[in-house]
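Asks: coords.csv is reproduced in full below (CSV, C-alpha atoms).
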chain,number,residue,atom,x,y,z
A,1,MET,CA,14.5,-0.7,-23.4
A,2,ILE,CA,13.1,-4.1,-24.4
A,3,ILE,CA,12.5,-7.0,-22.0
A,4,LYS,CA,12.9,-10.0,-24.3
A,5,ASN,CA,11.2,-13.4,-24.1
A,6,ALA,CA,9.7,-13.0,-20.7
A,7,SER,CA,6.6,-14.9,-19.4
A,8,VAL,CA,4.3,-11.9,-19.4
A,9,LEU,CA,1.2,-11.8,-17.2
A,10,LYS,CA,-1.6,-10.3,-19.4
A,11,PRO,CA,-4.5,-8.3,-18.0
A,12,ASN,CA,-6.8,-11.3,-18.6
A,13,GLY,CA,-4.7,-13.5,-16.4
A,14,LYS,CA,-3.1,-15.5,-19.3
A,15,VAL,CA,0.6,-15.8,-19.4
A,16,GLU,CA,2.5,-15.4,-22.8
A,17,VAL,CA,6.1,-15.5,-23.7
A,18,ALA,CA,6.6,-12.1,-25.2
A,19,ASN,CA,8.7,-9.0,-25.5
A,20,ILE,CA,7.9,-5.8,-23.6
A,21,HIS,CA,8.9,-2.6,-25.4
A,22,ILE,CA,9.4,0.4,-23.2
A,23,SER,CA,9.5,3.9,-24.6
A,24,GLY,CA,10.2,6.7,-22.0
A,25,ASP,CA,8.1,6.0,-19.0
A,26,LYS,CA,5.4,3.8,-20.7
A,27,ILE,CA,5.0,0.4,-22.2
A,28,ALA,CA,5.0,1.0,-26.0
A,29,LYS,CA,3.9,-2.5,-27.0
A,30,ILE,CA,4.0,-6.2,-26.1
A,31,ASP,CA,4.7,-8.5,-29.0
A,32,THR,CA,6.3,-11.8,-29.9
A,33,GLY,CA,9.1,-12.7,-32.3
A,34,GLU,CA,12.7,-11.7,-32.7
A,35,VAL,CA,14.0,-8.3,-31.4
A,36,SER,CA,17.4,-6.7,-31.5
A,37,GLY,CA,19.0,-3.6,-30.0
A,38,GLU,CA,21.5,-2.4,-27.4
A,39,ASN,CA,19.2,-1.9,-24.4
A,40,ILE,CA,17.8,-5.4,-24.0
A,41,ILE,CA,17.0,-7.2,-20.7
A,42,ASP,CA,17.0,-11.0,-21.1
A,43,GLY,CA,13.6,-12.1,-19.8
A,44,ARG,CA,14.1,-15.9,-20.3
A,45,GLY,CA,13.0,-17.7,-17.2
A,46,LYS,CA,11.5,-14.5,-15.8
A,47,PHE,CA,7.9,-13.9,-14.9
A,48,ALA,CA,6.9,-10.3,-15.7
A,49,VAL,CA,4.1,-8.8,-13.6
A,50,PRO,CA,2.8,-5.3,-12.8
A,51,GLY,CA,4.6,-3.6,-9.9
A,52,PHE,CA,2.8,-4.2,-6.6
A,53,VAL,CA,0.8,-1.4,-5.1
A,54,ASN,CA,0.9,-1.2,-1.3
A,55,ALA,CA,-2.4,0.6,-0.7
A,56,HIS,CA,-2.0,1.3,3.0
A,57,THR,CA,1.2,1.5,5.1
A,58,HIS,CA,3.2,3.6,7.6
A,59,ALA,CA,6.6,3.4,6.0
A,60,SER,CA,8.7,4.9,8.8
A,61,MET,CA,7.2,2.5,11.3
A,62,THR,CA,10.0,0.2,10.3
A,63,LEU,CA,11.7,1.8,13.2
A,64,LEU,CA,9.3,0.1,15.6
A,65,ARG,CA,9.4,-3.4,14.0
A,66,SER,CA,9.3,-5.9,16.9
A,67,TYR,CA,9.2,-3.1,19.5
A,68,SER,CA,5.7,-4.0,20.6
A,69,ASP,CA,3.9,-7.2,19.6
A,70,ASP,CA,1.1,-9.5,20.6
A,71,LYS,CA,-1.2,-6.8,22.0
A,72,ALA,CA,-4.7,-5.5,21.1
A,73,LEU,CA,-4.9,-2.5,18.9
A,74,MET,CA,-5.7,0.2,21.4
A,75,ASP,CA,-3.3,-1.1,24.1
A,76,TRP,CA,-0.6,-1.3,21.4
A,77,LEU,CA,-1.3,2.3,20.2
A,78,ASN,CA,-1.8,4.0,23.5
A,79,LYS,CA,0.8,2.3,25.7
A,80,ASP,CA,3.6,1.7,23.3
A,81,ILE,CA,3.4,3.2,19.8
A,82,TRP,CA,2.1,6.7,20.2
A,83,PRO,CA,4.4,7.6,23.0
A,84,ILE,CA,7.6,6.6,21.1
A,85,GLU,CA,6.3,8.1,17.9
A,86,GLY,CA,6.2,11.4,19.7
A,87,LYS,CA,10.0,11.3,20.1
A,88,MET,CA,10.8,10.7,16.4
A,89,THR,CA,12.9,13.3,14.6
A,90,ASN,CA,13.1,14.2,11.0
A,91,CYS,CA,16.2,12.0,10.8
A,92,ASP,CA,14.3,9.1,12.2
A,93,ILE,CA,11.5,9.5,9.7
A,94,ARG,CA,13.9,9.6,6.8
A,95,ALA,CA,15.8,6.6,8.0
A,96,GLY,CA,12.6,4.6,8.5
A,97,ALA,CA,11.3,5.5,5.1
A,98,GLU,CA,14.6,4.6,3.4
A,99,LEU,CA,14.7,1.2,5.0
A,100,ALA,CA,11.0,0.7,4.0
A,101,ALA,CA,11.9,1.7,0.4
A,102,VAL,CA,14.7,-0.9,0.3
A,103,GLU,CA,12.3,-3.6,1.7
A,104,MET,CA,9.5,-2.7,-0.7
A,105,ILE,CA,11.6,-2.5,-3.8
A,106,LYS,CA,13.3,-5.8,-3.1
A,107,SER,CA,9.9,-7.5,-2.7
A,108,GLY,CA,8.4,-6.0,-5.8
A,109,THR,CA,6.4,-3.0,-4.6
A,110,THR,CA,6.6,0.0,-6.9
A,111,THR,CA,3.8,2.2,-5.4
A,112,PHE,CA,2.9,2.8,-1.7
A,113,ALA,CA,0.2,4.8,0.1
A,114,ASP,CA,1.7,6.2,3.3
A,115,MET,CA,0.2,7.9,6.3
A,116,TYR,CA,2.4,9.1,9.1
A,117,GLY,CA,3.4,12.0,11.3
A,118,PRO,CA,4.5,15.6,10.9
A,119,ASN,CA,7.7,14.9,8.9
A,120,MET,CA,6.2,13.6,5.6
A,121,GLU,CA,8.5,15.8,3.6
A,122,GLU,CA,11.3,13.4,4.6
A,123,VAL,CA,9.3,10.5,3.1
A,124,ALA,CA,8.6,12.6,-0.1
A,125,GLN,CA,12.4,13.1,-0.5
A,126,VAL,CA,12.9,9.3,-0.1
A,127,VAL,CA,10.3,8.6,-2.8
A,128,GLU,CA,12.0,11.1,-5.1
A,129,LYS,CA,15.4,9.6,-4.5
A,130,SER,CA,14.4,5.9,-4.7
A,131,GLY,CA,12.4,6.2,-7.9
A,132,MET,CA,9.2,4.7,-6.4
A,133,ARG,CA,5.7,6.1,-6.5
A,134,GLY,CA,4.3,7.5,-3.3
A,135,VAL,CA,0.8,8.5,-2.3
A,136,LEU,CA,1.5,10.5,0.8
A,137,CYS,CA,-0.5,12.1,3.6
A,138,ARG,CA,0.0,13.6,7.0
A,139,GLY,CA,-1.6,11.5,9.6
A,140,LEU,CA,-4.0,13.9,11.3
A,141,ILE,CA,-5.1,13.6,14.9
A,142,GLY,CA,-7.9,16.1,15.5
A,143,ILE,CA,-8.5,15.8,19.2
A,144,PHE,CA,-5.6,18.2,20.0
A,145,GLY,CA,-3.7,20.6,17.8
A,146,GLY,CA,-5.8,19.6,14.8
A,147,ASP,CA,-5.7,22.9,13.0
A,148,GLU,CA,-1.9,23.0,13.1
A,149,LYS,CA,-1.6,19.5,11.8
A,150,LEU,CA,-4.0,20.2,9.1
A,151,ALA,CA,-1.9,23.1,8.0
A,152,THR,CA,1.1,20.8,7.6
A,153,ASN,CA,-0.9,18.5,5.3
A,154,VAL,CA,-1.7,21.6,3.2
A,155,GLU,CA,1.9,22.5,2.9
A,156,LEU,CA,2.8,18.9,2.0
A,157,PHE,CA,0.2,19.1,-0.8
A,158,LYS,CA,1.4,22.4,-2.1
A,159,ASN,CA,5.1,21.4,-2.0
A,160,TRP,CA,4.9,17.8,-3.2
A,161,HIS,CA,1.7,17.0,-5.1
A,162,GLY,CA,2.8,16.0,-8.6
A,163,ALA,CA,6.5,16.2,-7.7
A,164,ALA,CA,9.2,13.7,-8.7
A,165,ASP,CA,8.1,13.7,-12.4
A,166,GLY,CA,4.5,13.0,-11.2
A,167,ARG,CA,5.4,10.0,-9.1
A,168,ILE,CA,4.2,11.7,-5.9
A,169,LYS,CA,0.5,12.2,-5.1
A,170,VAL,CA,-0.6,13.9,-1.8
A,171,MET,CA,-3.8,13.1,0.0
A,172,PHE,CA,-5.2,14.3,3.3
A,173,GLY,CA,-4.9,11.8,6.2
A,174,PRO,CA,-7.4,12.1,9.0
A,175,HIS,CA,-6.5,9.1,11.2
A,176,ALA,CA,-9.8,7.7,12.3
A,177,ILE,CA,-13.2,8.7,13.8
A,178,TYR,CA,-11.9,8.0,17.3
A,179,THR,CA,-9.1,10.5,16.9
A,180,CYS,CA,-10.8,13.0,14.6
A,181,PRO,CA,-14.2,14.4,15.8
A,182,PRO,CA,-16.8,15.2,13.2
A,183,ASP,CA,-16.2,19.0,13.4
A,184,PHE,CA,-12.6,18.4,12.6
A,185,LEU,CA,-13.4,16.1,9.7
A,186,LYS,CA,-15.6,18.8,8.3
A,187,LYS,CA,-12.5,21.1,8.3
A,188,VAL,CA,-10.5,18.4,6.6
A,189,ALA,CA,-13.2,17.9,4.0
A,190,LYS,CA,-13.5,21.6,3.3
A,191,THR,CA,-9.7,22.1,3.0
A,192,ALA,CA,-9.3,19.0,0.8
A,193,ALA,CA,-12.1,20.1,-1.5
A,194,GLU,CA,-10.5,23.6,-2.0
A,195,LEU,CA,-7.3,22.0,-3.1
A,196,GLY,CA,-8.8,19.1,-5.1
A,197,ALA,CA,-7.2,16.5,-2.8
A,198,GLU,CA,-8.4,13.0,-1.9
A,199,ILE,CA,-8.7,11.4,1.5
A,200,HIS,CA,-6.9,8.4,3.2
A,201,ILE,CA,-8.5,7.3,6.5
A,202,HIS,CA,-8.7,4.3,8.8
A,203,MET,CA,-12.3,3.0,9.0
A,204,ASN,CA,-14.0,0.2,11.0
A,205,GLU,CA,-10.8,-1.6,12.0
A,206,THR,CA,-12.1,-3.0,15.3
A,207,GLN,CA,-15.4,-3.7,16.9
A,208,ASP,CA,-14.3,-1.5,19.9
A,209,GLU,CA,-13.9,1.4,17.4
A,210,ILE,CA,-17.4,0.9,16.2
A,211,ASN,CA,-18.9,0.5,19.6
A,212,GLY,CA,-17.2,3.7,20.8
A,213,CYS,CA,-18.5,5.6,17.7
A,214,VAL,CA,-22.1,4.4,18.4
A,215,LYS,CA,-21.7,5.4,22.0
A,216,ASP,CA,-20.3,8.9,21.2
A,217,TYR,CA,-22.4,9.8,18.2
A,218,GLY,CA,-25.3,7.4,18.0
A,219,LYS,CA,-24.2,6.1,14.6
A,220,ARG,CA,-21.7,3.8,13.0
A,221,PRO,CA,-18.4,5.2,11.7
A,222,PHE,CA,-19.3,5.4,8.0
A,223,GLU,CA,-22.7,6.9,8.8
A,224,ILE,CA,-21.3,9.7,10.9
A,225,VAL,CA,-18.3,10.4,8.6
A,226,ALA,CA,-20.6,10.6,5.6
A,227,GLU,CA,-22.4,13.5,7.3
A,228,THR,CA,-19.1,15.5,7.4
A,229,GLY,CA,-18.7,15.6,3.7
A,230,LEU,CA,-15.3,13.8,3.9
A,231,PHE,CA,-16.4,11.1,1.4
A,232,GLU,CA,-17.1,13.6,-1.3
A,233,GLN,CA,-13.4,14.0,-2.2
A,234,GLY,CA,-12.5,10.5,-3.3
A,235,THR,CA,-11.6,8.3,-0.4
A,236,LEU,CA,-9.3,5.4,0.4
A,237,ALA,CA,-10.6,3.7,3.5
A,238,ALA,CA,-8.1,1.3,5.2
A,239,HIS,CA,-9.3,-1.9,7.0
A,240,CYS,CA,-13.1,-1.9,6.8
A,241,VAL,CA,-13.3,-5.1,8.8
A,242,TYR,CA,-16.8,-4.7,10.3
A,243,LEU,CA,-19.4,-3.3,8.0
A,244,SER,CA,-23.2,-3.1,8.2
A,245,ASP,CA,-25.4,-3.4,5.1
A,246,ASN,CA,-26.0,0.4,5.3
A,247,GLU,CA,-22.3,1.1,5.5
A,248,ILE,CA,-21.6,-1.0,2.4
A,249,GLU,CA,-24.3,1.0,0.6
A,250,ILE,CA,-22.4,4.2,1.7
A,251,ILE,CA,-19.2,2.7,0.3
A,252,LYS,CA,-20.9,2.0,-3.0
A,253,SER,CA,-22.7,5.3,-3.3
A,254,LYS,CA,-19.7,7.4,-2.4
A,255,LYS,CA,-17.3,5.2,-4.6
A,256,ILE,CA,-15.0,4.7,-1.6
A,257,ARG,CA,-12.0,2.4,-2.3
A,258,VAL,CA,-11.0,-0.1,0.4
A,259,ALA,CA,-7.4,-1.1,1.4
A,260,HIS,CA,-7.5,-4.6,2.9
A,261,ASN,CA,-4.7,-5.5,5.3
A,262,PRO,CA,-5.0,-9.2,6.1
A,263,GLY,CA,-1.6,-9.6,7.8
A,264,SER,CA,-2.1,-6.7,10.2
A,265,ASN,CA,-5.7,-7.6,10.9
A,266,MET,CA,-4.8,-11.2,11.7
A,267,LYS,CA,-1.8,-10.2,14.0
A,268,LEU,CA,-3.8,-7.7,15.9
A,269,ALA,CA,-6.8,-10.0,16.0
A,270,SER,CA,-8.9,-7.2,14.6
A,271,GLY,CA,-11.1,-9.6,12.5
A,272,ILE,CA,-11.7,-10.6,8.9
A,273,ALA,CA,-13.0,-8.0,6.4
A,274,PRO,CA,-15.9,-9.1,4.2
A,275,VAL,CA,-13.7,-8.9,1.0
A,276,PRO,CA,-15.5,-11.5,-1.1
A,277,ARG,CA,-18.8,-9.6,-0.6
A,278,LEU,CA,-17.1,-6.3,-1.4
A,279,LEU,CA,-15.7,-7.6,-4.6
A,280,ARG,CA,-19.0,-9.1,-5.6
A,281,GLU,CA,-20.6,-5.7,-4.9
A,282,LYS,CA,-18.0,-4.2,-7.4
A,283,ILE,CA,-16.3,-2.2,-4.7
A,284,ILE,CA,-12.6,-1.5,-5.4
A,285,VAL,CA,-10.4,-3.5,-2.9
A,286,GLY,CA,-6.7,-3.1,-2.9
A,287,LEU,CA,-4.1,-4.7,-0.6
A,288,GLY,CA,-1.9,-3.1,2.1
A,289,THR,CA,0.7,-4.3,4.6
A,290,ASP,CA,-0.1,-1.6,7.2
A,291,GLY,CA,3.0,-0.6,9.2
A,292,ALA,CA,6.0,-2.8,9.9
A,293,SER,CA,5.1,-2.7,13.6
A,294,SER,CA,1.7,-4.4,13.1
A,295,ASN,CA,2.5,-6.8,10.2
A,296,ASN,CA,5.6,-7.0,10.7
A,297,ASN,CA,6.9,-6.7,7.2
A,298,LEU,CA,6.2,-4.8,4.0
A,299,ASP,CA,6.1,-7.8,1.7
A,300,MET,CA,3.2,-7.5,-0.6
A,301,LEU,CA,3.6,-11.0,-2.0
A,302,GLU,CA,2.8,-12.3,1.5
A,303,GLU,CA,-0.3,-10.1,1.6
A,304,ILE,CA,-1.4,-11.6,-1.7
A,305,ARG,CA,-1.1,-15.1,-0.3
A,306,LEU,CA,-2.8,-14.2,2.9
A,307,ALA,CA,-5.7,-12.6,1.0
A,308,ALA,CA,-6.1,-15.7,-1.1
A,309,LEU,CA,-5.9,-18.1,1.9
A,310,LEU,CA,-7.7,-16.2,4.6
A,311,HIS,CA,-11.0,-15.8,2.8
A,312,LYS,CA,-11.0,-19.5,1.7
A,313,VAL,CA,-10.9,-20.7,5.3
A,314,ASP,CA,-13.2,-17.9,6.5
A,315,THR,CA,-16.0,-18.9,4.1
A,316,LEU,CA,-15.0,-22.6,3.9
A,317,ASN,CA,-15.0,-22.1,0.2
A,318,PRO,CA,-11.8,-22.9,-1.8
A,319,LEU,CA,-13.1,-20.9,-4.7
A,320,GLU,CA,-13.0,-17.6,-2.9
A,321,ILE,CA,-10.3,-15.1,-4.0
A,322,PRO,CA,-8.6,-17.3,-6.6
A,323,ALA,CA,-4.9,-16.6,-7.3
A,324,PHE,CA,-5.3,-14.2,-10.1
A,325,GLU,CA,-7.9,-12.2,-8.2
A,326,ALA,CA,-5.5,-11.8,-5.3
A,327,VAL,CA,-2.8,-10.6,-7.7
A,328,LYS,CA,-5.2,-8.0,-9.1
A,329,MET,CA,-5.9,-6.8,-5.6
A,330,ALA,CA,-2.2,-5.9,-5.4
A,331,THR,CA,-1.9,-4.5,-8.9
A,332,GLU,CA,-4.9,-3.3,-11.0
A,333,TYR,CA,-7.3,-2.9,-8.0
A,334,GLY,CA,-4.5,-1.4,-5.9
A,335,ALA,CA,-3.8,1.2,-8.5
A,336,ALA,CA,-7.5,2.1,-8.6
A,337,ALA,CA,-7.6,2.1,-4.7
A,338,VAL,CA,-4.9,4.8,-4.5
A,339,GLY,CA,-6.4,6.7,-7.4
A,340,ILE,CA,-3.6,6.4,-9.9
A,341,GLU,CA,-4.4,5.8,-13.6
A,342,ASN,CA,-2.3,3.9,-16.1
A,343,ILE,CA,-0.5,1.6,-13.6
A,344,GLY,CA,-1.4,-1.9,-12.4
A,345,LYS,CA,-1.4,-3.7,-15.8
A,346,LEU,CA,1.1,-4.8,-18.4
A,347,GLU,CA,-0.5,-3.2,-21.4
A,348,ALA,CA,0.5,-0.7,-24.1
A,349,GLY,CA,0.0,2.8,-22.9
A,350,TYR,CA,0.4,1.9,-19.2
A,351,LYS,CA,3.3,3.2,-17.2
A,352,ALA,CA,6.4,0.9,-17.3
A,353,ASP,CA,6.1,-0.2,-13.7
A,354,ILE,CA,7.3,-3.8,-14.1
A,355,VAL,CA,8.6,-6.6,-11.8
A,356,LEU,CA,10.5,-9.6,-13.0
A,357,PHE,CA,10.5,-12.8,-10.9
A,358,ASP,CA,13.3,-15.3,-11.4
A,359,MET,CA,11.6,-18.6,-11.9
A,360,SER,CA,14.8,-20.7,-11.7
A,361,GLY,CA,14.5,-21.5,-8.0
A,362,ALA,CA,13.2,-24.7,-6.5
A,363,ASP,CA,10.0,-23.1,-5.3
A,364,TRP,CA,9.0,-22.4,-8.9
A,365,GLN,CA,9.3,-26.0,-10.1
A,366,PRO,CA,7.5,-27.5,-11.9
A,367,CYS,CA,6.1,-24.5,-13.7
A,368,TYR,CA,2.6,-25.5,-14.8
A,369,ASN,CA,1.0,-22.1,-13.8
A,370,PRO,CA,3.2,-19.1,-13.0
A,371,VAL,CA,0.4,-17.2,-11.4
A,372,SER,CA,-0.5,-20.0,-9.0
A,373,LEU,CA,3.2,-20.5,-8.3
A,374,MET,CA,3.8,-16.8,-7.4
A,375,VAL,CA,0.8,-16.7,-5.1
A,376,TYR,CA,1.0,-20.0,-3.3
A,377,SER,CA,4.6,-21.1,-3.6
A,378,ALA,CA,7.2,-18.4,-4.4
A,379,ASN,CA,9.0,-16.1,-2.0
A,380,SER,CA,9.6,-12.4,-2.7
A,381,SER,CA,13.3,-13.2,-2.6
A,382,SER,CA,12.9,-14.3,-6.2
A,383,VAL,CA,12.1,-10.7,-7.3
A,384,ASP,CA,15.0,-10.1,-9.7
A,385,THR,CA,14.3,-6.8,-11.4
A,386,VAL,CA,12.1,-3.8,-10.6
A,387,ILE,CA,11.3,-1.0,-13.1
A,388,VAL,CA,9.3,2.2,-12.4
A,389,ASP,CA,8.5,4.8,-15.0
A,390,GLY,CA,10.8,2.9,-17.4
A,391,LYS,CA,13.8,3.3,-15.0
A,392,ILE,CA,15.5,0.3,-13.4
A,393,LEU,CA,15.4,0.5,-9.6
A,394,MET,CA,16.8,-3.0,-9.1
A,395,GLN,CA,18.4,-5.5,-11.5
A,396,ASN,CA,19.8,-9.0,-10.6
A,397,ARG,CA,18.8,-8.2,-7.0
A,398,GLU,CA,21.1,-5.2,-7.0
A,399,LEU,CA,19.6,-1.9,-6.0
A,400,LYS,CA,20.4,1.0,-8.4
A,401,THR,CA,19.0,4.0,-6.6
A,402,LEU,CA,19.6,3.3,-2.9
A,403,ASP,CA,22.7,2.2,-0.9
A,404,GLU,CA,21.3,-0.6,1.2
A,405,GLU,CA,24.3,-1.1,3.4
A,406,LYS,CA,24.6,2.6,4.3
A,407,ILE,CA,20.8,2.8,4.9
A,408,ILE,CA,20.8,-0.1,7.3
A,409,ALA,CA,23.7,1.3,9.3
A,410,GLU,CA,22.1,4.7,9.6
A,411,PHE,CA,18.7,3.2,10.4
A,412,ASN,CA,20.0,1.0,13.2
A,413,ALA,CA,21.7,4.1,14.7
A,414,CYS,CA,18.4,5.9,14.8
A,415,ALA,CA,16.5,2.9,16.1
A,416,ASN,CA,19.0,2.3,18.9
A,417,ARG,CA,18.9,6.0,20.0
A,418,LEU,CA,15.1,6.1,19.8
A,419,THR,CA,14.5,3.0,21.9
A,420,LYS,CA,17.5,3.4,24.3
So, in terms of structure tokens, how does the structure I just supplied come out?
Replies:
Amino acid sequence: MIIKNASVLKPNGKVEVANIHISGDKIAKIDTGEVSGENIIDGRGKFAVPGFVNAHTHASMTLLRSYSDDKALMDWLNKDIWPIEGKMTNCDIRAGAELAAVEMIKSGTTTFADMYGPNMEEVAQVVEKSGMRGVLCRGLIGIFGGDEKLATNVELFKNWHGAADGRIKVMFGPHAIYTCPPDFLKKVAKTAAELGAEIHIHMNETQDEINGCVKDYGKRPFEIVAETGLFEQGTLAAHCVYLSDNEIEIIKSKKIRVAHNPGSNMKLASGIAPVPRLLREKIIVGLGTDGASSNNNLDMLEEIRLAALLHKVDTLNPLEIPAFEAVKMATEYGAAAVGIENIGKLEAGYKADIVLFDMSGADWQPCYNPVSLMVYSANSSSVDTVIVDGKILMQNRELKTLDEEKIIAEFNACANRLTK
């Protein structure tokens, strides 16, 4: 396959009209000049970027979009979200994940890191069918039935890690310090180490979470979790809104990767993560949407824009998080955050995970700088073509691996039954 004469975003941030040659699941080369052949995609008027990496989400939570809004995190979780999540069936989880896959592909996401309940095999099957990449873990609540839940994460790892031609990676997902006591985290750390698995965990999302940890254990979350050995496995830490100097040193020394969720943090009024400082400290920071009940969408282009804008107004510095840096948080840095090599750049030898934006719309005019236009002007509805592993998942806005109309009908049947 050759994408011909596209405006290609290079790893250095420059944009060049070029041809992207795809061989198997990888980019073989990027060059200029005339090309010919049968399997050619016309890239004229298209902006080619690496597929977006959603570094933290809860895919099947699409079922609860608009179910409970405008509440503080703990009220939202305890009174509304956790009770109804306890009623979800395998069918619900699959339907929610399928709708999430439709939404993510249509907005340019090719890889997502997902943490949810006991039915993650359903999500794995959706990843396999859709052609996306999935970094999956069982969300573990350790305060009751922890050992049984941990066993399901072990089974998920054994059955699905490396599956779907290597597009599925399985992590272990202890939810947070306020739901997973230190003794349980030690069990998770030991089990993950035995299997060679990494960790995905919520950390320091709210000030209340930190105050509760200090009250219960006499230390801040990163300090107490570090003592359990959990951070020795390779860790993706979601949120990281409130961090002490010592906690930042722990993040650096343990090489913890951060998933920044600006939309969710703003909607839940959790706070503003110190992302500019983390980036200056050479800490890997990717971007995530969080779940569709706390965001309320899975649109990574919106997260890119929010990341670029939020930290400018927070620091009163228009130079913070420039457009290309925000894009790297959703591509190159996001790939590093979820621990997948060879994605996140358009470069020879990298996986052919490519998104083509149609630049013919009004919001792309005039086209002085495609990167700036994509971040500050364009909508994800201009995503035209999505390729993962060299296979087309969407072309000309038409999904190739998923039946959108059928998925929406089945999804709404599940949602109506669940919330009846």
Asks: Which of these, A:Leu346, A:Leu150, A:Ala336, A:Thr289, has the shortest distance to Asn12 of chain A once you count only C-alpha atoms?
Replies: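 Ranking A:Leu346, A:Leu150, A:Ala336, A:Thr289 by distance to Asn12 of chain A, first place goes to A:Leu346.
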Asks: For segment 260-263 of chain A, list every protein, DNA or RNA residue within 6 Å, evaluated using only C-alpha atoms, and leave out those in the same chain fewer than 4 positions away; present the list as a JSON list (two decimals) with C-alpha atoms, keeping the file's coordinate frame.
Replies:
[["chain", "number", "residue", "atom", "x", "y", "z"],
["A", 239, "HIS", "CA", -9.30, -1.90, 7.00],
["A", 287, "LEU", "CA", -4.10, -4.70, -0.60],
["A", 288, "GLY", "CA", -1.90, -3.10, 2.10],
["A", 289, "THR", "CA", 0.70, -4.30, 4.60],
["A", 295, "ASN", "CA", 2.50, -6.80, 10.20]]
Asks: Could you tell me which of A:Ala192, A:Val135, A:Leu319, A:Ala176 comes closest to Ala164 of chain A if we count only C-alpha atoms?
Replies: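 Closest residue, counting only C-alpha atoms: A:Val135.
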Asks: Would you pick out the contacts of Ala59 of chain A at 9 Å or less, using only C-alpha atoms, so that residues sharing its chain but fewer than 6 positions from it are not included, and give the list as a ChimeraX atom specification?
Replies: /A:93,96-101,112-116,123,290-292,298
Asks: Report the distance between atom CA of Ala226 of chain A and atom CA of Lys254 of chain A in Å, rounded to one decimal place.
Replies: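 Between these atoms lies a distance of 8.7 Å.
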Asks: Using only C-alpha atoms, which of A:Asn379, A:Asn54, A:Thr401, A:Thr179 sits nearest Ala362 of chain A?
Replies: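 Looking only at the distances to Ala362 of chain A, the closest residue turns out to be A:Asn379.
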Asks: Counting only C-alpha atoms, figure out which residue out of A:Ala335, A:Ala48, A:Leu185, A:Cys240 gets nearest to Val275 of chain A.
Replies: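 So, comparing all the options, the nearest one is A:Cys240.
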Asks: Have a look at atom CA of Glu332 of chain A and atom CA of Gly134 of chain A and let me know their distance in Å, one decimal.
Replies: 16.1 Å
Asks: Have a look at A:Ser377, A:Phe47, A:Leu63, A:Ile143 and name the one nearest to Ala413 of chain A; count only C-alpha atoms.
Replies: A:Leu63
Asks: Could you pull segment 86-98 of chain A out of the structure just shown and give N, CA and C atoms as a CSV table (one decimal), in the first residue's frame?
Replies:
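After the write, out.csv holds the following:
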chain,number,residue,atom,x,y,z
A,86,GLY,N,-22.3,-2.5,38.9
A,86,GLY,CA,-22.4,-3.9,39.4
A,86,GLY,C,-23.5,-4.7,38.7
A,87,LYS,N,-24.4,-4.0,37.9
A,87,LYS,CA,-25.4,-4.7,37.2
A,87,LYS,C,-25.1,-5.1,35.8
A,88,MET,N,-23.9,-4.7,35.3
A,88,MET,CA,-23.5,-4.9,33.9
A,88,MET,C,-23.2,-6.4,33.7
A,89,THR,N,-23.7,-6.8,32.5
A,89,THR,CA,-23.5,-8.2,32.1
A,89,THR,C,-22.4,-8.2,31.0
A,90,ASN,N,-22.0,-9.4,30.6
A,90,ASN,CA,-21.0,-9.6,29.6
A,90,ASN,C,-21.5,-8.9,28.3
A,91,CYS,N,-22.8,-9.0,28.0
A,91,CYS,CA,-23.4,-8.4,26.8
A,91,CYS,C,-23.2,-6.9,26.9
A,92,ASP,N,-23.4,-6.3,28.1
A,92,ASP,CA,-23.3,-4.9,28.3
A,92,ASP,C,-21.9,-4.4,28.0
A,93,ILE,N,-20.9,-5.1,28.6
A,93,ILE,CA,-19.5,-4.7,28.4
A,93,ILE,C,-19.1,-4.8,26.9
A,94,ARG,N,-19.6,-5.8,26.2
A,94,ARG,CA,-19.2,-5.9,24.8
A,94,ARG,C,-19.9,-4.7,24.0
A,95,ALA,N,-21.2,-4.5,24.3
A,95,ALA,CA,-21.9,-3.4,23.6
A,95,ALA,C,-21.2,-2.1,23.8
A,96,GLY,N,-20.8,-1.8,25.1
A,96,GLY,CA,-20.2,-0.6,25.4
A,96,GLY,C,-18.8,-0.4,24.7
A,97,ALA,N,-18.1,-1.5,24.7
A,97,ALA,CA,-16.8,-1.5,24.1
A,97,ALA,C,-16.9,-1.3,22.6
A,98,GLU,N,-17.9,-1.9,22.0
A,98,GLU,CA,-18.0,-1.8,20.5
A,98,GLU,C,-18.4,-0.4,20.1
